[in-house]
file entry38.cif (mmCIF, C-alpha atoms)
data_entry
loop_
_atom_site.label_atom_id
_atom_site.label_comp_id
_atom_site.auth_asym_id
_atom_site.auth_seq_id
_atom_site.Cartn_x
_atom_site.Cartn_y
_atom_site.Cartn_z
CA MET A 1 104.70 32.64 63.61
CA GLU A 2 106.87 34.70 61.27
CA SER A 3 107.98 34.15 57.72
CA ILE A 4 111.15 36.09 56.89
CA THR A 5 112.30 36.81 53.34
CA LYS A 6 115.62 38.47 52.67
CA ILE A 7 115.08 41.55 50.55
CA GLY A 8 118.63 42.75 50.35
CA GLU A 9 122.00 43.08 52.00
CA VAL A 10 124.47 45.90 51.61
CA GLN A 11 127.86 46.74 53.04
CA LEU A 12 128.54 50.30 54.12
CA GLU A 13 131.57 52.09 55.43
CA VAL A 14 131.14 54.59 58.23
CA THR A 15 132.20 58.08 57.13
CA GLY A 16 131.55 59.93 60.36
CA GLU A 17 131.74 58.98 63.99
CA VAL A 18 128.53 57.94 65.70
CA LYS A 19 128.20 57.70 69.48
CA THR A 20 125.83 55.39 71.31
CA SER A 21 123.96 58.43 72.61
CA GLU A 22 123.10 59.49 69.06
CA GLU A 23 120.14 58.23 67.11
CA LEU A 24 121.36 56.46 63.99
CA LYS A 25 118.88 56.45 61.13
CA VAL A 26 118.87 53.91 58.30
CA MET A 27 117.48 55.45 55.14
CA LEU A 28 116.01 53.36 52.34
CA LEU A 29 115.46 55.81 49.55
CA TRP A 30 113.65 55.28 46.29
CA GLY A 31 113.60 57.31 43.09
CA TRP A 32 114.44 60.93 43.70
CA GLY A 33 114.88 60.39 47.39
CA ALA A 34 111.52 59.36 48.75
CA GLU A 35 111.70 57.46 51.99
CA THR A 36 110.10 54.05 51.66
CA THR A 37 109.53 53.25 55.30
CA GLY A 38 108.69 54.75 58.64
CA LYS A 39 111.55 56.01 60.79
CA LEU A 40 114.22 53.32 60.96
CA SER A 41 116.29 54.67 63.81
CA PHE A 42 117.99 53.31 66.89
CA ASN A 43 120.85 54.01 69.23
CA PRO A 44 123.87 51.93 68.19
CA SER A 45 125.02 49.38 70.72
CA GLU A 46 128.56 50.70 70.46
CA ASP A 47 130.40 53.72 69.10
CA LEU A 48 131.10 53.67 65.39
CA LYS A 49 134.30 55.08 64.02
CA VAL A 50 135.25 56.28 60.58
CA GLY A 51 136.28 53.32 58.47
CA ASP A 52 134.19 50.74 60.35
CA GLY A 53 132.48 48.31 58.00
CA LEU A 54 128.79 47.69 58.49
CA LYS A 55 126.49 45.12 57.01
CA VAL A 56 122.86 46.16 56.63
CA THR A 57 120.38 43.34 56.10
CA ILE A 58 116.86 44.13 54.96
CA GLU A 59 114.22 41.43 55.46
CA LYS A 60 110.49 41.29 54.89
CA VAL A 61 108.58 39.93 57.86
CA VAL A 62 105.22 38.26 57.28
CA ILE A 63 103.29 37.35 60.38
CA ILE A 64 101.35 34.14 59.84
CA PRO A 65 98.41 33.74 62.21
CA ASP A 66 98.27 30.49 64.14
CA PRO A 67 95.62 28.07 62.84
CA ILE A 68 92.52 27.78 65.01
CA GLU A 69 92.95 24.84 67.28
CA GLU A 70 90.17 22.34 66.79
CA GLU A 71 89.58 19.55 69.24
CA PRO A 72 87.60 16.94 67.37
CA GLU A 73 89.02 14.20 69.57
CA GLU A 74 87.16 15.49 72.60
CA VAL A 75 83.88 15.41 70.71
CA VAL A 76 84.58 11.88 69.65
CA ALA A 77 85.50 10.97 73.20
CA GLU A 78 82.24 12.40 74.50
CA ALA A 79 80.30 10.54 71.89
CA GLY A 80 82.24 7.43 72.82
CA GLU A 81 81.32 7.87 76.46
CA CYS A 82 77.73 8.14 75.48
CA GLN A 83 78.00 5.01 73.39
CA GLU A 84 79.61 3.24 76.30
CA ALA A 85 76.84 4.35 78.55
CA VAL A 86 74.28 3.12 76.06
CA ALA A 87 76.12 -0.15 75.69
CA ALA A 88 76.25 -0.52 79.43
CA GLY A 89 72.55 0.18 79.64
CA GLU A 90 71.71 -2.54 77.22
CA GLY A 91 73.08 -5.24 79.45
CA ALA A 92 71.88 -3.76 82.72
CA GLU A 93 68.81 -4.84 84.49
CA PRO A 94 66.35 -2.05 85.21
CA SER A 95 65.91 -1.44 88.89
CA PRO A 96 62.47 -1.98 90.33
CA GLU A 97 62.19 1.73 91.13
CA THR A 98 62.74 2.90 87.58
CA GLU A 99 61.07 0.08 85.79
CA GLY A 100 57.66 1.65 85.79
CA VAL A 101 58.89 5.16 85.05
CA VAL A 102 60.59 4.41 81.76
CA GLY A 103 57.58 5.38 79.76
CA VAL A 104 57.62 8.86 81.24
CA ILE A 105 61.21 9.45 80.10
CA ALA A 106 60.43 8.23 76.62
CA ASP A 107 57.93 11.05 76.21
CA THR A 108 60.51 13.77 76.88
CA GLU A 109 63.22 14.19 74.30
CA PRO A 110 66.03 15.11 74.04
CA ILE A 111 67.33 13.88 77.36
CA PRO A 112 68.37 16.99 79.34
CA GLU A 113 71.10 15.20 81.29
CA CYS A 114 72.89 14.15 78.10
CA GLU A 115 75.50 16.86 77.42
CA CYS A 116 77.29 15.19 74.57
CA SER A 117 77.06 16.35 70.96
CA CYS A 118 75.49 13.17 69.65
CA THR A 119 71.82 13.02 68.81
CA CYS A 120 70.62 10.60 71.39
CA THR A 121 67.12 9.48 70.79
CA ALA A 122 64.80 9.10 73.70
CA GLU A 123 65.09 5.36 73.39
CA GLU A 124 68.87 5.39 73.69
CA GLY A 125 68.76 7.87 76.51
CA GLU A 126 66.28 5.76 78.31
CA GLN A 127 68.63 2.84 78.26
CA ALA A 128 71.52 5.01 79.29
CA THR A 129 69.56 6.37 82.21
CA ILE A 130 68.68 2.96 83.39
CA GLY A 131 72.22 1.68 83.00
CA THR A 132 73.78 4.56 84.93
CA GLU A 133 72.81 6.33 88.07
CA GLY A 134 69.60 7.68 86.70
CA THR A 135 67.36 6.54 89.49
CA ASP A 136 67.09 9.91 91.22
CA LYS A 137 66.71 11.81 87.94
CA THR A 138 63.89 9.72 86.71
CA GLU A 139 62.03 10.35 89.94
CA THR A 140 62.26 14.10 89.49
CA VAL A 141 60.86 13.87 85.94
CA MET B 1 136.04 39.52 63.29
CA GLU B 2 132.67 38.17 64.39
CA PRO B 3 129.79 40.43 63.39
CA ILE B 4 128.58 42.65 66.24
CA LEU B 5 124.91 43.59 66.32
CA ILE B 6 124.69 47.36 66.26
CA GLY B 7 120.93 47.64 66.03
CA GLN B 8 117.76 46.18 64.62
CA VAL B 9 114.50 47.87 63.85
CA GLU B 10 111.19 46.97 62.17
CA ARG B 11 108.92 49.36 60.34
CA LYS B 12 106.12 49.32 57.81
CA VAL B 13 106.78 50.13 54.18
CA THR B 14 105.02 53.34 53.24
CA THR B 15 105.06 53.03 49.47
CA ASP B 16 105.00 50.35 46.81
CA VAL B 17 108.46 49.49 45.48
CA PRO B 18 108.69 47.07 42.56
CA ALA B 19 111.63 44.69 42.51
CA SER B 20 112.77 46.26 39.25
CA ASP B 21 113.42 49.60 40.97
CA GLU B 22 116.58 50.46 42.81
CA LEU B 23 116.69 51.31 46.49
CA ARG B 24 119.49 53.27 48.09
CA ALA B 25 120.64 52.59 51.62
CA LEU B 26 122.56 55.03 53.78
CA LEU B 27 123.02 56.03 57.39
CA ARG B 28 122.33 59.41 58.91
CA VAL B 29 122.38 61.11 62.26
CA VAL B 30 119.78 63.85 62.02
CA TRP B 31 120.63 65.28 58.56
CA THR B 32 124.29 64.34 58.53
CA ALA B 33 125.25 61.37 56.38
CA LYS B 34 127.33 58.82 58.23
CA SER B 35 127.96 56.53 55.30
CA GLY B 36 127.98 56.52 51.54
CA GLU B 37 124.93 55.43 49.59
CA VAL B 38 124.73 51.84 48.41
CA VAL B 39 122.28 50.84 45.70
CA PHE B 40 120.48 47.52 45.58
CA ASN B 41 117.43 45.97 44.00
CA PRO B 42 114.93 44.42 46.41
CA ALA B 43 114.64 40.66 45.95
CA GLU B 44 110.87 40.99 45.65
CA ASP B 45 108.19 43.63 45.34
CA LEU B 46 107.49 45.64 48.45
CA LYS B 47 103.98 46.84 49.08
CA ARG B 48 102.68 49.55 51.31
CA GLY B 49 101.99 47.99 54.70
CA ASP B 50 104.63 45.28 54.44
CA ILE B 51 106.84 45.01 57.50
CA ILE B 52 110.57 45.12 56.97
CA ARG B 53 113.28 44.39 59.47
CA VAL B 54 116.61 46.17 59.13
CA THR B 55 119.61 44.70 60.93
CA VAL B 56 122.89 46.59 61.20
CA GLU B 57 126.02 44.69 62.15
CA LYS B 58 129.62 45.77 62.41
CA VAL B 59 131.67 43.38 60.34
CA SER B 60 135.03 45.13 60.29
CA GLU B 61 136.83 47.78 62.25
CA ALA B 62 138.65 50.80 61.01
CA PRO B 63 142.39 50.18 60.68
CA LYS B 64 144.19 51.61 63.69
CA ALA B 65 146.56 54.48 63.02
CA ASP B 66 150.17 53.67 63.95
#

call {"tool": "encode", "arguments": {"input": "entry38.cif", "output": "structure tokens"}}
result
Amino acid sequence: MESITKIGEVQLEVTGEVKTSEELKVMLLWGWGAETTGKLSFNPSEDLKVGDGLKVTIEKVVIIPDPIEEEPEEVVAEAGECQEAVAAGEGAEPSPETEGVVGVIADTEPIPECECSCTCTAEEGEQATIGTEGTDKTETV
Amino acid sequence: MEPILIGQVERKVTTDVPASDELRALLRVVWTAKSGEVVFNPAEDLKRGDIIRVTVEKVSEAPKAD
């Protein structure tokens, strides 16, 4: 993004012909004649003739860096999913296969399968595992 | 007449210029002046490293000789 501030505007009259093949240089001189910028030159888009009136606009360009895009909503969504999973686990009946293995999971924390940014305790994770498809995972532990 | 864009260029300022100081604008091809000098005061301080954009437009044409 750019911020543009007008520094000045002057009107000049061409005193000598300039062809498009020639490099026209805009001089911004200060004090005794010091140049204040790098080379401001270009080929004019059309021939200039004596007596043509030109407007020269000088602007300061400030480039504003784009703000870093943060995505807090995704984090919240992930946490929400986790909460939903936990909530679902609370009401679910443990399957007979996992029922006896729950104690093993409770000893290992944090839960490796949980990829969200929340701090799931082993107890919550345990419920989540039971409520979702955690049957195979608990067997591997 | 509608202004015609003749050219536009951006460069960095190479020296500090306070707004209280006058700047002189003119056009040259090599060392030959192609316009008179026009004096103006910058609207704000210019610092070394600032980027300025200079736009040249043709706003009027020379009167045609009869």

call {"tool": "atom_distance", "arguments": {"input": "entry38.cif", "atom1": "atom CA of B:Ala19", "atom2": "atom CA of A:Gly8"}}
result
10.7 Å

call {"tool": "closest_residue", "arguments": {"input": "entry38.cif", "among": "B:Ala33, B:Ala62, B:Val13, B:Ala25", "to": "B:Asp45", "atoms": "all atoms listed in the file"}}
result
B:Val13

call {"tool": "interface_residues", "arguments": {"input": "entry38.cif", "of": "chain A", "to": "chain B", "cutoff": "8 Å", "atoms": "only C-alpha atoms", "output": "PyMOL selection string"}}
result
chain A and resi 6-18+22-31+35-46+49-62

call {"tool": "atom_distance", "arguments": {"input": "entry38.cif", "atom1": "atom CA of A:Ile4", "atom2": "atom CA of B:Ser20"}}
result
20.4 Å

call {"tool": "atom_distance", "arguments": {"input": "entry38.cif", "atom1": "atom CA of A:Glu2", "atom2": "atom CA of A:Ile68"}}
result
16.4 Å

call {"tool": "decode", "arguments": {"input": "entry38.cif", "residues": "stretch 40-52 of chain B", "atoms": "all heavy atoms", "output": "PDB file, in the first residue's frame"}}
result
ATOM      1  N   PHE B  40       9.985  26.575  -6.185  1.00  0.00           N
ATOM      2  CA  PHE B  40       8.868  26.244  -5.283  1.00  0.00           C
ATOM      3  C   PHE B  40       9.426  25.769  -3.951  1.00  0.00           C
ATOM      4  O   PHE B  40      10.589  25.362  -3.847  1.00  0.00           O
ATOM      5  CB  PHE B  40       7.949  25.184  -5.898  1.00  0.00           C
ATOM      6  CG  PHE B  40       8.556  23.806  -5.988  1.00  0.00           C
ATOM      7  CD1 PHE B  40       8.255  22.827  -5.045  1.00  0.00           C
ATOM      8  CD2 PHE B  40       9.436  23.471  -7.007  1.00  0.00           C
ATOM      9  CE1 PHE B  40       8.803  21.561  -5.119  1.00  0.00           C
ATOM     10  CE2 PHE B  40       9.998  22.214  -7.092  1.00  0.00           C
ATOM     11  CZ  PHE B  40       9.677  21.244  -6.148  1.00  0.00           C
ATOM     12  N   ASN B  41       8.581  25.856  -2.945  1.00  0.00           N
ATOM     13  CA  ASN B  41       8.948  25.320  -1.632  1.00  0.00           C
ATOM     14  C   ASN B  41       8.263  23.975  -1.452  1.00  0.00           C
ATOM     15  O   ASN B  41       7.046  23.876  -1.674  1.00  0.00           O
ATOM     16  CB  ASN B  41       8.489  26.260  -0.512  1.00  0.00           C
ATOM     17  CG  ASN B  41       9.451  27.404  -0.326  1.00  0.00           C
ATOM     18  OD1 ASN B  41       9.370  28.398  -1.052  1.00  0.00           O
ATOM     19  ND2 ASN B  41      10.367  27.272   0.604  1.00  0.00           N
ATOM     20  N   PRO B  42       8.999  22.949  -1.069  1.00  0.00           N
ATOM     21  CA  PRO B  42       8.332  21.655  -0.833  1.00  0.00           C
ATOM     22  C   PRO B  42       7.312  21.777   0.296  1.00  0.00           C
ATOM     23  O   PRO B  42       7.534  22.503   1.264  1.00  0.00           O
ATOM     24  CB  PRO B  42       9.485  20.711  -0.472  1.00  0.00           C
ATOM     25  CG  PRO B  42      10.628  21.582  -0.113  1.00  0.00           C
ATOM     26  CD  PRO B  42      10.441  22.881  -0.803  1.00  0.00           C
ATOM     27  N   ALA B  43       6.211  21.062   0.159  1.00  0.00           N
ATOM     28  CA  ALA B  43       5.126  21.138   1.146  1.00  0.00           C
ATOM     29  C   ALA B  43       5.546  20.563   2.497  1.00  0.00           C
ATOM     30  O   ALA B  43       4.964  20.886   3.521  1.00  0.00           O
ATOM     31  CB  ALA B  43       3.903  20.393   0.617  1.00  0.00           C
ATOM     32  N   GLU B  44       6.537  19.687   2.469  1.00  0.00           N
ATOM     33  CA  GLU B  44       7.048  19.145   3.733  1.00  0.00           C
ATOM     34  C   GLU B  44       8.519  18.789   3.577  1.00  0.00           C
ATOM     35  O   GLU B  44       9.037  18.739   2.453  1.00  0.00           O
ATOM     36  CB  GLU B  44       6.247  17.935   4.197  1.00  0.00           C
ATOM     37  CG  GLU B  44       6.235  16.759   3.253  1.00  0.00           C
ATOM     38  CD  GLU B  44       5.405  15.600   3.810  1.00  0.00           C
ATOM     39  OE1 GLU B  44       4.190  15.762   3.961  1.00  0.00           O
ATOM     40  OE2 GLU B  44       5.990  14.534   4.085  1.00  0.00           O
ATOM     41  N   ASP B  45       9.165  18.567   4.710  1.00  0.00           N
ATOM     42  CA  ASP B  45      10.589  18.236   4.678  1.00  0.00           C
ATOM     43  C   ASP B  45      10.818  16.968   3.864  1.00  0.00           C
ATOM     44  O   ASP B  45      10.041  16.017   3.943  1.00  0.00           O
ATOM     45  CB  ASP B  45      11.112  17.992   6.106  1.00  0.00           C
ATOM     46  CG  ASP B  45      11.115  19.265   6.941  1.00  0.00           C
ATOM     47  OD1 ASP B  45      10.935  20.354   6.362  1.00  0.00           O
ATOM     48  OD2 ASP B  45      11.286  19.153   8.159  1.00  0.00           O
ATOM     49  N   LEU B  46      11.901  16.982   3.114  1.00  0.00           N
ATOM     50  CA  LEU B  46      12.315  15.771   2.404  1.00  0.00           C
ATOM     51  C   LEU B  46      13.576  15.260   3.072  1.00  0.00           C
ATOM     52  O   LEU B  46      14.467  16.044   3.415  1.00  0.00           O
ATOM     53  CB  LEU B  46      12.587  16.073   0.931  1.00  0.00           C
ATOM     54  CG  LEU B  46      11.381  16.480   0.080  1.00  0.00           C
ATOM     55  CD1 LEU B  46      11.835  16.895  -1.315  1.00  0.00           C
ATOM     56  CD2 LEU B  46      10.380  15.346  -0.004  1.00  0.00           C
ATOM     57  N   LYS B  47      13.629  13.967   3.258  1.00  0.00           N
ATOM     58  CA  LYS B  47      14.802  13.374   3.888  1.00  0.00           C
ATOM     59  C   LYS B  47      15.471  12.412   2.928  1.00  0.00           C
ATOM     60  O   LYS B  47      14.806  11.813   2.073  1.00  0.00           O
ATOM     61  CB  LYS B  47      14.395  12.640   5.163  1.00  0.00           C
ATOM     62  CG  LYS B  47      13.992  13.591   6.274  1.00  0.00           C
ATOM     63  CD  LYS B  47      13.531  12.840   7.499  1.00  0.00           C
ATOM     64  CE  LYS B  47      13.014  13.840   8.532  1.00  0.00           C
ATOM     65  NZ  LYS B  47      12.292  13.189   9.606  1.00  0.00           N
ATOM     66  N   ARG B  48      16.757  12.292   3.106  1.00  0.00           N
ATOM     67  CA  ARG B  48      17.518  11.353   2.286  1.00  0.00           C
ATOM     68  C   ARG B  48      16.884   9.965   2.400  1.00  0.00           C
ATOM     69  O   ARG B  48      16.604   9.482   3.503  1.00  0.00           O
ATOM     70  CB  ARG B  48      18.952  11.312   2.814  1.00  0.00           C
ATOM     71  CG  ARG B  48      19.885  10.481   1.997  1.00  0.00           C
ATOM     72  CD  ARG B  48      21.220  10.389   2.724  1.00  0.00           C
ATOM     73  NE  ARG B  48      22.019   9.357   2.120  1.00  0.00           N
ATOM     74  CZ  ARG B  48      23.184   9.552   1.553  1.00  0.00           C
ATOM     75  NH1 ARG B  48      23.710  10.737   1.538  1.00  0.00           N
ATOM     76  NH2 ARG B  48      23.833   8.560   1.010  1.00  0.00           N
ATOM     77  N   GLY B  49      16.630   9.347   1.273  1.00  0.00           N
ATOM     78  CA  GLY B  49      16.005   8.025   1.261  1.00  0.00           C
ATOM     79  C   GLY B  49      14.519   8.055   0.950  1.00  0.00           C
ATOM     80  O   GLY B  49      13.945   7.031   0.593  1.00  0.00           O
ATOM     81  N   ASP B  50      13.893   9.234   1.110  1.00  0.00           N
ATOM     82  CA  ASP B  50      12.480   9.345   0.730  1.00  0.00           C
ATOM     83  C   ASP B  50      12.350   9.050  -0.765  1.00  0.00           C
ATOM     84  O   ASP B  50      13.253   9.332  -1.557  1.00  0.00           O
ATOM     85  CB  ASP B  50      11.956  10.772   0.988  1.00  0.00           C
ATOM     86  CG  ASP B  50      11.703  11.049   2.465  1.00  0.00           C
ATOM     87  OD1 ASP B  50      11.719  10.088   3.269  1.00  0.00           O
ATOM     88  OD2 ASP B  50      11.501  12.231   2.814  1.00  0.00           O
ATOM     89  N   ILE B  51      11.189   8.527  -1.129  1.00  0.00           N
ATOM     90  CA  ILE B  51      10.940   8.272  -2.552  1.00  0.00           C
ATOM     91  C   ILE B  51      10.021   9.372  -3.069  1.00  0.00           C
ATOM     92  O   ILE B  51       8.984   9.650  -2.459  1.00  0.00           O
ATOM     93  CB  ILE B  51      10.288   6.895  -2.766  1.00  0.00           C
ATOM     94  CG1 ILE B  51      11.222   5.793  -2.275  1.00  0.00           C
ATOM     95  CG2 ILE B  51       9.926   6.669  -4.229  1.00  0.00           C
ATOM     96  CD1 ILE B  51      10.579   4.431  -2.199  1.00  0.00           C
ATOM     97  N   ILE B  52      10.422   9.976  -4.170  1.00  0.00           N
ATOM     98  CA  ILE B  52       9.529  10.972  -4.777  1.00  0.00           C
ATOM     99  C   ILE B  52       9.147  10.519  -6.184  1.00  0.00           C
ATOM    100  O   ILE B  52       9.919   9.850  -6.871  1.00  0.00           O
ATOM    101  CB  ILE B  52      10.126  12.397  -4.805  1.00  0.00           C
ATOM    102  CG1 ILE B  52      11.419  12.451  -5.589  1.00  0.00           C
ATOM    103  CG2 ILE B  52      10.296  12.967  -3.429  1.00  0.00           C
ATOM    104  CD1 ILE B  52      11.780  13.861  -5.982  1.00  0.00           C
TER     105      ILE B  52
END
